[in-house]
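Coordinates from run23.cif are shown below (mmCIF, C-alpha atoms).
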data_structure
#
loop_
_atom_site.group_PDB
_atom_site.id
_atom_site.type_symbol
_atom_site.label_atom_id
_atom_site.label_comp_id
_atom_site.auth_asym_id
_atom_site.auth_seq_id
_atom_site.Cartn_x
_atom_site.Cartn_y
_atom_site.Cartn_z
ATOM 1 C CA MET A 306 -3.313 -33.988 -19.664
ATOM 2 C CA SER A 307 0.121 -33.930 -18.075
ATOM 3 C CA PRO A 308 0.363 -32.586 -14.505
ATOM 4 C CA ARG A 309 1.439 -28.995 -14.065
ATOM 5 C CA SER A 310 5.057 -28.374 -13.152
ATOM 6 C CA ALA A 311 6.055 -27.166 -9.697
ATOM 7 C CA SER A 312 6.927 -23.757 -11.131
ATOM 8 C CA VAL A 313 3.468 -23.387 -12.695
ATOM 9 C CA ASN A 314 1.787 -24.376 -9.433
ATOM 10 C CA GLU A 315 3.901 -21.873 -7.539
ATOM 11 C CA GLU A 316 2.953 -19.130 -9.990
ATOM 12 C CA LEU A 317 -0.729 -19.978 -9.628
ATOM 13 C CA ARG A 318 -0.456 -19.790 -5.842
ATOM 14 C CA ARG A 319 1.301 -16.443 -6.096
ATOM 15 C CA ARG A 320 -1.406 -15.039 -8.322
ATOM 16 C CA SER A 321 -4.156 -16.366 -6.062
ATOM 17 C CA LYS A 322 -2.555 -14.455 -3.214
ATOM 18 C CA GLU A 323 -2.341 -11.350 -5.407
ATOM 19 C CA ARG A 324 -6.064 -11.549 -6.129
ATOM 20 C CA LEU A 325 -6.829 -11.756 -2.415
ATOM 21 C CA LEU A 326 -4.708 -8.673 -1.698
ATOM 22 C CA HIS A 327 -6.388 -6.797 -4.538
ATOM 23 C CA ALA A 328 -9.864 -7.803 -3.395
ATOM 24 C CA ALA A 329 -9.119 -6.775 0.203
ATOM 25 C CA VAL A 330 -8.037 -3.285 -0.850
ATOM 26 C CA GLU A 331 -11.097 -2.834 -3.045
ATOM 27 C CA LEU A 332 -13.682 -4.092 -0.567
ATOM 28 C CA VAL A 333 -12.360 -2.375 2.553
ATOM 29 C CA GLY A 334 -12.074 0.842 0.556
ATOM 30 C CA GLU A 335 -15.675 0.463 -0.587
ATOM 31 C CA ARG A 336 -17.376 -0.839 2.572
ATOM 32 C CA GLY A 337 -15.011 -0.380 5.484
ATOM 33 C CA TYR A 338 -13.289 -3.047 7.552
ATOM 34 C CA GLU A 339 -16.153 -4.247 9.738
ATOM 35 C CA ALA A 340 -18.562 -4.634 6.812
ATOM 36 C CA THR A 341 -16.079 -6.754 4.855
ATOM 37 C CA THR A 342 -15.786 -10.459 5.643
ATOM 38 C CA LEU A 343 -13.137 -12.942 4.634
ATOM 39 C CA GLY A 344 -15.840 -14.668 2.599
ATOM 40 C CA ASP A 345 -16.520 -11.409 0.744
ATOM 41 C CA ILE A 346 -12.827 -11.070 -0.056
ATOM 42 C CA ALA A 347 -12.563 -14.667 -1.261
ATOM 43 C CA ASP A 348 -15.673 -14.236 -3.422
ATOM 44 C CA ARG A 349 -14.376 -11.003 -4.976
ATOM 45 C CA ALA A 350 -11.051 -12.699 -5.685
ATOM 46 C CA GLY A 351 -12.789 -15.772 -7.122
ATOM 47 C CA SER A 352 -10.860 -17.980 -4.704
ATOM 48 C CA ALA A 353 -11.850 -20.828 -2.438
ATOM 49 C CA ARG A 354 -12.480 -19.460 1.043
ATOM 50 C CA GLY A 355 -10.013 -21.900 2.554
ATOM 51 C CA LEU A 356 -7.211 -20.229 0.607
ATOM 52 C CA VAL A 357 -7.548 -17.055 2.672
ATOM 53 C CA SER A 358 -6.605 -18.813 5.901
ATOM 54 C CA TYR A 359 -3.883 -20.709 4.045
ATOM 55 C CA TYR A 360 -2.115 -17.462 3.155
ATOM 56 C CA PHE A 361 -3.086 -15.208 6.091
ATOM 57 C CA PRO A 362 -3.721 -15.843 9.825
ATOM 58 C CA GLY A 363 -6.789 -13.599 9.782
ATOM 59 C CA LYS A 364 -8.599 -10.673 8.241
ATOM 60 C CA ARG A 365 -6.558 -7.983 9.977
ATOM 61 C CA GLN A 366 -3.278 -9.464 8.740
ATOM 62 C CA LEU A 367 -4.648 -9.759 5.208
ATOM 63 C CA VAL A 368 -5.835 -6.147 5.185
ATOM 64 C CA GLN A 369 -2.559 -4.871 6.617
ATOM 65 C CA SER A 370 -0.613 -6.706 3.911
ATOM 66 C CA ALA A 371 -2.956 -5.388 1.228
ATOM 67 C CA VAL A 372 -2.634 -1.778 2.390
ATOM 68 C CA HIS A 373 1.127 -2.057 2.743
ATOM 69 C CA ARG A 374 1.199 -3.320 -0.859
ATOM 70 C CA LEU A 375 -0.818 -0.305 -1.967
ATOM 71 C CA MET A 376 1.473 2.003 0.002
ATOM 72 C CA HIS A 377 4.765 0.650 -1.258
ATOM 73 C CA ARG A 378 3.636 0.458 -4.869
ATOM 74 C CA THR A 379 2.210 3.976 -4.715
ATOM 75 C CA LEU A 380 5.453 5.196 -3.170
ATOM 76 C CA GLU A 381 7.571 3.312 -5.699
ATOM 77 C CA GLU A 382 5.540 4.735 -8.567
ATOM 78 C CA ALA A 383 5.959 8.263 -7.223
ATOM 79 C CA LEU A 384 9.708 7.891 -6.670
ATOM 80 C CA GLU A 385 10.378 6.458 -10.133
ATOM 81 C CA ARG A 386 8.056 8.528 -12.302
ATOM 82 C CA GLU A 387 9.478 10.734 -15.033
ATOM 83 C CA PRO A 388 11.578 12.753 -14.885
ATOM 84 C CA ARG A 389 13.470 10.204 -12.818
ATOM 85 C CA THR A 390 15.884 11.616 -10.305
ATOM 86 C CA ALA A 391 18.397 10.559 -7.687
ATOM 87 C CA GLU A 392 18.214 13.919 -5.898
ATOM 88 C CA GLY A 393 17.516 13.397 -2.199
ATOM 89 C CA PRO A 394 15.252 16.422 -1.597
ATOM 90 C CA GLU A 395 13.045 15.671 -4.611
ATOM 91 C CA ARG A 396 12.676 12.031 -3.622
ATOM 92 C CA MET A 397 11.803 12.958 -0.045
ATOM 93 C CA ALA A 398 9.196 15.414 -1.342
ATOM 94 C CA ARG A 399 7.715 12.758 -3.619
ATOM 95 C CA ALA A 400 7.554 10.284 -0.729
ATOM 96 C CA ILE A 401 5.713 12.735 1.514
ATOM 97 C CA ASP A 402 3.284 13.715 -1.231
ATOM 98 C CA ALA A 403 2.602 10.074 -2.150
ATOM 99 C CA ILE A 404 1.601 9.118 1.398
ATOM 100 C CA LEU A 405 -0.461 12.275 1.919
ATOM 101 C CA GLY A 406 -2.113 11.572 -1.431
ATOM 102 C CA LEU A 407 -3.260 8.187 -0.139
ATOM 103 C CA ALA A 408 -4.876 9.878 2.851
ATOM 104 C CA ARG A 409 -6.716 12.161 0.444
ATOM 105 C CA ASP A 410 -7.766 9.569 -2.129
ATOM 106 C CA ARG A 411 -8.320 6.475 0.026
ATOM 107 C CA PRO A 412 -9.621 7.869 3.339
ATOM 108 C CA VAL A 413 -11.730 4.858 4.311
ATOM 109 C CA LEU A 414 -8.948 2.399 3.601
ATOM 110 C CA MET A 415 -6.229 4.420 5.322
ATOM 111 C CA ARG A 416 -8.405 5.194 8.356
ATOM 112 C CA GLN A 417 -9.152 1.492 8.782
ATOM 113 C CA HIS A 418 -5.461 0.705 8.398
ATOM 114 C CA MET A 419 -4.457 3.176 11.099
ATOM 115 C CA ALA A 420 -7.136 1.820 13.430
ATOM 116 C CA GLY A 421 -5.874 -1.721 12.888
ATOM 117 C CA LEU A 422 -2.305 -0.777 13.762
ATOM 118 C CA LEU A 423 -3.516 0.492 17.146
ATOM 119 C CA GLN A 424 -5.312 -2.735 18.036
ATOM 120 C CA VAL A 425 -3.440 -4.513 20.828
ATOM 121 C CA GLU A 426 -4.617 -7.943 19.649
ATOM 122 C CA VAL A 427 -2.862 -7.612 16.273
ATOM 123 C CA GLY A 428 -0.886 -4.379 16.200
ATOM 124 C CA PHE A 429 1.874 -3.905 13.680
ATOM 125 C CA VAL A 430 2.425 -7.076 11.635
ATOM 126 C CA PRO A 431 5.697 -7.320 9.682
ATOM 127 C CA CYS A 432 5.174 -8.898 6.268
ATOM 128 C CA PRO A 433 6.913 -8.834 2.863
ATOM 129 C CA GLU A 434 4.766 -5.860 1.785
ATOM 130 C CA GLN A 435 5.693 -3.871 4.894
ATOM 131 C CA ARG A 436 9.374 -4.739 4.483
ATOM 132 C CA ARG A 437 9.353 -3.408 0.914
ATOM 133 C CA LEU A 438 7.748 -0.198 2.141
ATOM 134 C CA ALA A 439 10.446 0.062 4.808
ATOM 135 C CA GLN A 440 13.182 -0.456 2.192
ATOM 136 C CA LEU A 441 11.851 2.387 0.059
ATOM 137 C CA LEU A 442 11.568 4.759 3.004
ATOM 138 C CA ARG A 443 15.029 3.858 4.285
ATOM 139 C CA ASP A 444 16.457 4.497 0.826
ATOM 140 C CA THR A 445 14.659 7.843 0.746
ATOM 141 C CA VAL A 446 16.181 8.817 4.096
ATOM 142 C CA THR A 447 19.629 7.707 2.912
ATOM 143 C CA ARG A 448 19.430 9.725 -0.302
ATOM 144 C CA HIS A 449 18.251 12.716 1.689
ATOM 145 C CA GLY A 450 21.603 12.670 3.465
ATOM 146 C CA SER A 451 20.937 10.867 6.739
ATOM 147 C CA GLN A 452 24.020 10.009 8.764
ATOM 148 C CA ASP A 453 22.038 7.596 10.958
ATOM 149 C CA VAL A 454 19.385 5.761 8.954
ATOM 150 C CA ASP A 455 18.457 3.471 11.846
ATOM 151 C CA ARG A 456 17.430 6.561 13.811
ATOM 152 C CA ASP A 457 16.016 8.687 10.995
ATOM 153 C CA TYR A 458 13.939 6.050 9.194
ATOM 154 C CA PRO A 459 11.661 5.326 12.194
ATOM 155 C CA MET A 460 11.232 9.071 12.668
ATOM 156 C CA LEU A 461 10.159 9.560 9.038
ATOM 157 C CA ARG A 462 7.759 6.625 9.356
ATOM 158 C CA ALA A 463 6.304 8.109 12.537
ATOM 159 C CA GLN A 464 5.970 11.548 10.953
ATOM 160 C CA LEU A 465 4.115 10.138 7.941
ATOM 161 C CA MET A 466 1.820 7.964 10.060
ATOM 162 C CA GLY A 467 1.099 10.923 12.324
ATOM 163 C CA ALA A 468 0.247 13.102 9.335
ATOM 164 C CA VAL A 469 -2.149 10.482 7.942
ATOM 165 C CA PHE A 470 -3.791 10.116 11.353
ATOM 166 C CA ALA A 471 -4.153 13.885 11.694
ATOM 167 C CA ALA A 472 -5.624 14.211 8.197
ATOM 168 C CA LEU A 473 -8.204 11.492 8.823
ATOM 169 C CA MET A 474 -9.221 12.141 12.431
ATOM 170 C CA PRO A 475 -13.051 12.131 12.442
ATOM 171 C CA GLY A 476 -14.447 15.499 13.419
ATOM 172 C CA ALA A 477 -11.103 17.281 13.608
ATOM 173 C CA PRO A 478 -9.084 16.639 10.436
ATOM 174 C CA MET A 479 -6.081 18.836 9.698
ATOM 175 C CA PRO A 480 -5.718 20.228 6.154
ATOM 176 C CA LEU A 481 -3.299 18.269 4.020
ATOM 177 C CA SER A 482 -1.702 21.501 2.848
ATOM 178 C CA GLN A 483 -0.796 22.408 6.428
ATOM 179 C CA LEU A 484 0.557 18.941 7.156
ATOM 180 C CA ARG A 485 2.621 19.069 3.981
ATOM 181 C CA THR A 486 4.065 22.445 4.922
ATOM 182 C CA GLU A 487 5.081 21.153 8.360
ATOM 183 C CA LEU A 488 6.775 18.073 6.911
ATOM 184 C CA PHE A 489 8.527 20.052 4.196
ATOM 185 C CA GLU A 490 9.856 22.486 6.783
ATOM 186 C CA ARG A 491 11.085 19.631 8.959
ATOM 187 C CA TYR A 492 13.035 18.131 6.077
ATOM 188 C CA ARG A 493 14.079 21.519 4.626
ATOM 189 C CA LEU A 494 12.317 20.969 1.322
ATOM 190 C CA ALA A 495 11.352 23.698 -1.142
ATOM 191 C CA ARG A 496 7.579 23.785 -1.553
ATOM 192 C CA GLU A 497 7.826 23.442 -5.347
ATOM 193 C CA LEU A 498 9.365 19.981 -5.048
ATOM 194 C CA GLY A 499 7.271 16.837 -5.386
ATOM 195 C CA VAL A 500 3.606 16.983 -6.355
ATOM 196 C CA PRO A 501 1.244 18.589 -3.820
ATOM 197 C CA PRO A 502 -1.770 16.357 -3.018
ATOM 198 C CA ASP A 503 -4.152 18.998 -4.349
ATOM 199 C CA ALA A 504 -2.323 19.087 -7.706
ATOM 200 C CA GLY A 505 -2.814 15.436 -8.651
ATOM 201 C CA ALA A 506 0.136 13.389 -9.862
ATOM 202 C CA PRO A 507 0.019 11.827 -13.332
ATOM 203 C CA GLY A 508 -1.186 8.273 -12.810
ATOM 204 C CA GLY A 509 -1.331 8.959 -9.085
ATOM 205 C CA THR A 510 -3.431 7.600 -6.274
ATOM 206 C CA CYS A 511 -6.671 9.123 -7.554
ATOM 207 C CA ASP A 512 -6.753 6.404 -10.228
ATOM 208 C CA THR A 513 -9.520 4.019 -9.179
ATOM 209 C CA ASP A 514 -8.010 1.072 -11.070
ATOM 210 C CA LEU A 515 -5.464 -0.539 -8.760
ATOM 211 C CA SER A 516 -4.842 -3.605 -10.917
ATOM 212 C CA ARG A 517 -1.389 -2.351 -11.911
ATOM 213 C CA PHE A 518 -0.318 -2.885 -8.300
ATOM 214 C CA PHE A 519 -1.397 -6.535 -8.224
ATOM 215 C CA ALA A 520 -0.112 -9.165 -10.674
ATOM 216 C CA THR A 521 -3.377 -11.083 -10.907
ATOM 217 C CA GLY A 522 -3.478 -12.039 -14.562
ATOM 218 C CA VAL A 523 -3.143 -15.725 -15.421
ATOM 219 C CA PRO A 524 -4.209 -17.787 -18.433
ATOM 220 C CA ALA A 525 -7.671 -19.184 -17.752
ATOM 221 C CA ALA A 526 -6.623 -22.678 -18.837
ATOM 222 C CA GLU A 527 -4.031 -22.767 -16.031
ATOM 223 C CA ASP A 528 -6.129 -21.097 -13.347
ATOM 224 C CA PRO A 529 -7.768 -23.573 -10.946
ATOM 225 C CA ALA A 530 -9.957 -20.807 -9.552
ATOM 226 C CA GLY A 531 -10.854 -19.509 -12.999
ATOM 227 C CA PRO A 532 -14.524 -20.581 -13.150
ATOM 228 C CA ALA A 533 -15.293 -19.261 -9.664
ATOM 229 C CA ARG A 534 -13.434 -16.014 -10.305
ATOM 230 C CA ARG A 535 -15.176 -15.395 -13.607
ATOM 231 C CA GLN A 536 -18.551 -16.051 -11.991
ATOM 232 C CA ALA A 537 -17.765 -13.622 -9.153
ATOM 233 C CA GLN A 538 -16.600 -10.934 -11.562
ATOM 234 C CA SER A 539 -19.790 -11.255 -13.625
ATOM 235 C CA LYS A 540 -22.034 -10.417 -10.653
#
For this file, produce the structure as structure tokens.
Amino acid sequence: MSPRSASVNEELRRRSKERLLHAAVELVGERGYEATTLGDIADRAGSARGLVSYYFPGKRQLVQSAVHRLMHRTLEEALEREPRTAEGPERMARAIDAILGLARDRPVLMRQHMAGLLQVEVGFVPCPEQRRLAQLLRDTVTRHGSQDVDRDYPMLRAQLMGAVFAALMPGAPMPLSQLRTELFERYRLARELGVPPDAGAPGGTCDTDLSRFFATGVPAAEDPAGPARRQAQSK
């Protein structure tokens, strides 16, 4: 058997990383952060445990990257769904509704994510997934008519994070409808724009299958982790 090419090896590494991100989102959403170990994530992904530390400095960084992937793909899906539009107000409304929808549909995951961002030891960790999320939000602000994106993008990010925090605060959650109204008023959006979280977007965040957000498929013959992954998936 001839050795695999560099491009094939690179693709296998990329897909191994994708499986780890996917597994992290699933397990933290199911069990919570503290009850999920790096070993659990590696087992769910069907990867060698050493691969986790190869790709990520620690569990918090892995989970942050995984949630940022979920956020930017959810946002991208909402912005580009049919009927597609370049209209700034509609895209801003879709962005707000997509993030509020994650707070509704993935409360455990998003609560753990917010808690991790506030930890001094790790805090906010820039990564490719976070940068893609930032690009989408900056584009949304630009299309909405911002004259100073460097000022208005951080404000939109802060407003969305604050709304998620308020919606998920244990013991004193604010209704998503009220948070949506406040954000829509701030950005001068008509309430009929977007898709309200209580309406449910076609193919939206309530879909429990997140595989479309993670390119994990790979031919079994080329997958060095294939046997372990198949065994883990059969449990």
Practice task
Might you spell out which residues the PyMOL selection byres ((chain A and resi 379) around 9) would select in the displayed file, as an MDAnalysis selection string?
Solution key: chainID A and resid 374:378 380:384 403:404 407 509:510 518
Practice task
Starting from the displayed file, determine the output of the PyMOL selection byres ((chain A and resi 394) around 12) and express the residue list as a PyMOL selection string.
Solution key: chain A and resi 384+390-393+395-401+445-451+489-499
Kindly save the residues from that selection, with C-alpha atoms included, as a PDB file, in the coordinates of the input.
ATOM      1  CA  LEU A 384       9.708   7.891  -6.670  1.00  0.00           C
ATOM      2  CA  THR A 390      15.884  11.616 -10.305  1.00  0.00           C
ATOM      3  CA  ALA A 391      18.397  10.559  -7.687  1.00  0.00           C
ATOM      4  CA  GLU A 392      18.214  13.919  -5.898  1.00  0.00           C
ATOM      5  CA  GLY A 393      17.516  13.397  -2.199  1.00  0.00           C
ATOM      6  CA  GLU A 395      13.045  15.671  -4.611  1.00  0.00           C
ATOM      7  CA  ARG A 396      12.676  12.031  -3.622  1.00  0.00           C
ATOM      8  CA  MET A 397      11.803  12.958  -0.045  1.00  0.00           C
ATOM      9  CA  ALA A 398       9.196  15.414  -1.342  1.00  0.00           C
ATOM     10  CA  ARG A 399       7.715  12.758  -3.619  1.00  0.00           C
ATOM     11  CA  ALA A 400       7.554  10.284  -0.729  1.00  0.00           C
ATOM     12  CA  ILE A 401       5.713  12.735   1.514  1.00  0.00           C
ATOM     13  CA  THR A 445      14.659   7.843   0.746  1.00  0.00           C
ATOM     14  CA  VAL A 446      16.181   8.817   4.096  1.00  0.00           C
ATOM     15  CA  THR A 447      19.629   7.707   2.912  1.00  0.00           C
ATOM     16  CA  ARG A 448      19.430   9.725  -0.302  1.00  0.00           C
ATOM     17  CA  HIS A 449      18.251  12.716   1.689  1.00  0.00           C
ATOM     18  CA  GLY A 450      21.603  12.670   3.465  1.00  0.00           C
ATOM     19  CA  SER A 451      20.937  10.867   6.739  1.00  0.00           C
ATOM     20  CA  PHE A 489       8.527  20.052   4.196  1.00  0.00           C
ATOM     21  CA  GLU A 490       9.856  22.486   6.783  1.00  0.00           C
ATOM     22  CA  ARG A 491      11.085  19.631   8.959  1.00  0.00           C
ATOM     23  CA  TYR A 492      13.035  18.131   6.077  1.00  0.00           C
ATOM     24  CA  ARG A 493      14.079  21.519   4.626  1.00  0.00           C
ATOM     25  CA  LEU A 494      12.317  20.969   1.322  1.00  0.00           C
ATOM     26  CA  ALA A 495      11.352  23.698  -1.142  1.00  0.00           C
ATOM     27  CA  ARG A 496       7.579  23.785  -1.553  1.00  0.00           C
ATOM     28  CA  GLU A 497       7.826  23.442  -5.347  1.00  0.00           C
ATOM     29  CA  LEU A 498       9.365  19.981  -5.048  1.00  0.00           C
ATOM     30  CA  GLY A 499       7.271  16.837  -5.386  1.00  0.00           C
TER      31      GLY A 499
END
Exercise for the section: Please evaluate the PyMOL selection byres ((chain A and resi 465-476) around 8) against the structure above and give the resulting residues as a ChimeraX atom specification. Expected result: /A:401,404-405,408,412,415-416,419,461-464,477-481,484
Practice task
Within 7 Å of (-5.7, -0.4, 0.1) (coordinates as in the file), grab all the protein and nucleic acid residues, counting only C-alpha atoms, and write them out as a PyMOL selection string.
Solution key: chain A and resi 330-331+334+371-372+375+414
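The coordinates place CA of Arg436 (chain A) at 24.8 Å from CA of Gly337 (chain A).
Non-sequential neighbours of Thr341 (chain A) (distance at most 12 Å, separation of 4 or more positions within a chain, all atoms listed in the file) are Ala328, Ala329, Val330, Glu331, Leu332, Val333, Gly334, Glu335, Arg336, Gly337, Asp345, Ile346, Ala347, Asp348, Arg349, Lys364, Arg365, Leu367, Val368, Leu414 and Gln417 of chain A.
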Could you take the residues named above and write them with C-alpha atoms, as a PDB file, in the coordinates of the input?
ATOM      1  CA  ALA A 328      -9.864  -7.803  -3.395  1.00  0.00           C
ATOM      2  CA  ALA A 329      -9.119  -6.775   0.203  1.00  0.00           C
ATOM      3  CA  VAL A 330      -8.037  -3.285  -0.850  1.00  0.00           C
ATOM      4  CA  GLU A 331     -11.097  -2.834  -3.045  1.00  0.00           C
ATOM      5  CA  LEU A 332     -13.682  -4.092  -0.567  1.00  0.00           C
ATOM      6  CA  VAL A 333     -12.360  -2.375   2.553  1.00  0.00           C
ATOM      7  CA  GLY A 334     -12.074   0.842   0.556  1.00  0.00           C
ATOM      8  CA  GLU A 335     -15.675   0.463  -0.587  1.00  0.00           C
ATOM      9  CA  ARG A 336     -17.376  -0.839   2.572  1.00  0.00           C
ATOM     10  CA  GLY A 337     -15.011  -0.380   5.484  1.00  0.00           C
ATOM     11  CA  ASP A 345     -16.520 -11.409   0.744  1.00  0.00           C
ATOM     12  CA  ILE A 346     -12.827 -11.070  -0.056  1.00  0.00           C
ATOM     13  CA  ALA A 347     -12.563 -14.667  -1.261  1.00  0.00           C
ATOM     14  CA  ASP A 348     -15.673 -14.236  -3.422  1.00  0.00           C
ATOM     15  CA  ARG A 349     -14.376 -11.003  -4.976  1.00  0.00           C
ATOM     16  CA  LYS A 364      -8.599 -10.673   8.241  1.00  0.00           C
ATOM     17  CA  ARG A 365      -6.558  -7.983   9.977  1.00  0.00           C
ATOM     18  CA  LEU A 367      -4.648  -9.759   5.208  1.00  0.00           C
ATOM     19  CA  VAL A 368      -5.835  -6.147   5.185  1.00  0.00           C
ATOM     20  CA  LEU A 414      -8.948   2.399   3.601  1.00  0.00           C
ATOM     21  CA  GLN A 417      -9.152   1.492   8.782  1.00  0.00           C
TER      22      GLN A 417
END
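Among A:Ser516, A:Thr342, A:Ser321, A:Ser370, the residue with the shortest atom-to-atom distance to Phe429 (chain A), counting all atoms listed in the file, is A:Ser370.
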Exercise for the section: Please measure the separation of CA of Ala353 (chain A) and CA of Glu339 (chain A), giving the value in Å to one decimal. Expected result: 21.0 Å
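Atom to atom, CA of Tyr359 (chain A) and CA of Arg318 (chain A) stand 10.5 Å apart.
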Exercise for the section: For Lys322 (chain A), list every protein, DNA or RNA residue within 10 Å, evaluated using only C-alpha atoms, and leave out those in the same chain fewer than 4 positions away; present the list as JSON, numbers by chain. Expected result: {"A": [316, 317, 318, 326, 327, 328, 350, 352, 356, 357, 359, 360, 361, 367, 519, 520, 521]}
Draw an axis-aligned box tight on the listed atoms of region 401-416 of chain A, then pad every side by 3 Å and write out centre and edge lengths in Å to one decimal as lines of an AutoDock Vina configuration file.
center_x = -3.0
center_y = 8.1
center_z = 3.1
size_x = 23.4
size_y = 17.3
size_z = 16.5
Taking only N, CA, C and O atoms, show region 473-485 of chain A of the given structure as an mmCIF file, in the first residue's frame.
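See result-v9.cif below for the written result:
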data_model
loop_
_atom_site.group_PDB
_atom_site.id
_atom_site.type_symbol
_atom_site.label_atom_id
_atom_site.label_comp_id
_atom_site.auth_asym_id
_atom_site.auth_seq_id
_atom_site.Cartn_x
_atom_site.Cartn_y
_atom_site.Cartn_z
ATOM 1 N N LEU A 473 -30.857 33.379 30.120
ATOM 2 C CA LEU A 473 -30.448 32.123 30.740
ATOM 3 C C LEU A 473 -30.080 32.259 32.213
ATOM 4 O O LEU A 473 -29.629 31.287 32.820
ATOM 5 N N MET A 474 -30.263 33.433 32.793
ATOM 6 C CA MET A 474 -29.887 33.625 34.190
ATOM 7 C C MET A 474 -30.726 32.716 35.090
ATOM 8 O O MET A 474 -31.959 32.811 35.118
ATOM 9 N N PRO A 475 -30.109 31.804 35.826
ATOM 10 C CA PRO A 475 -30.871 30.888 36.681
ATOM 11 C C PRO A 475 -31.693 31.648 37.716
ATOM 12 O O PRO A 475 -31.182 32.536 38.409
ATOM 13 N N GLY A 476 -32.960 31.318 37.779
ATOM 14 C CA GLY A 476 -33.834 31.918 38.781
ATOM 15 C C GLY A 476 -34.460 33.229 38.391
ATOM 16 O O GLY A 476 -35.445 33.658 39.011
ATOM 17 N N ALA A 477 -33.901 33.908 37.386
ATOM 18 C CA ALA A 477 -34.466 35.206 36.997
ATOM 19 C C ALA A 477 -34.325 35.441 35.493
ATOM 20 O O ALA A 477 -33.826 36.488 35.059
ATOM 21 N N PRO A 478 -34.751 34.480 34.674
ATOM 22 C CA PRO A 478 -34.603 34.658 33.225
ATOM 23 C C PRO A 478 -35.594 35.690 32.690
ATOM 24 O O PRO A 478 -36.726 35.790 33.170
ATOM 25 N N MET A 479 -35.160 36.458 31.712
ATOM 26 C CA MET A 479 -36.051 37.388 31.026
ATOM 27 C C MET A 479 -36.664 36.696 29.815
ATOM 28 O O MET A 479 -36.002 35.879 29.160
ATOM 29 N N PRO A 480 -37.923 36.985 29.505
ATOM 30 C CA PRO A 480 -38.561 36.362 28.329
ATOM 31 C C PRO A 480 -37.847 36.758 27.036
ATOM 32 O O PRO A 480 -37.474 37.919 26.848
ATOM 33 N N LEU A 481 -37.674 35.783 26.170
ATOM 34 C CA LEU A 481 -37.026 36.070 24.894
ATOM 35 C C LEU A 481 -37.806 37.092 24.084
ATOM 36 O O LEU A 481 -37.210 37.910 23.373
ATOM 37 N N SER A 482 -39.120 37.061 24.179
ATOM 38 C CA SER A 482 -39.923 38.023 23.424
ATOM 39 C C SER A 482 -39.617 39.455 23.846
ATOM 40 O O SER A 482 -39.555 40.370 23.011
ATOM 41 N N GLN A 483 -39.417 39.662 25.144
ATOM 42 C CA GLN A 483 -39.102 41.003 25.640
ATOM 43 C C GLN A 483 -37.705 41.436 25.202
ATOM 44 O O GLN A 483 -37.491 42.580 24.795
ATOM 45 N N LEU A 484 -36.759 40.507 25.263
ATOM 46 C CA LEU A 484 -35.402 40.815 24.832
ATOM 47 C C LEU A 484 -35.374 41.137 23.341
ATOM 48 O O LEU A 484 -34.677 42.066 22.903
ATOM 49 N N ARG A 485 -36.135 40.372 22.570
ATOM 50 C CA ARG A 485 -36.209 40.640 21.133
ATOM 51 C C ARG A 485 -36.784 42.017 20.862
ATOM 52 O O ARG A 485 -36.272 42.772 20.025
#
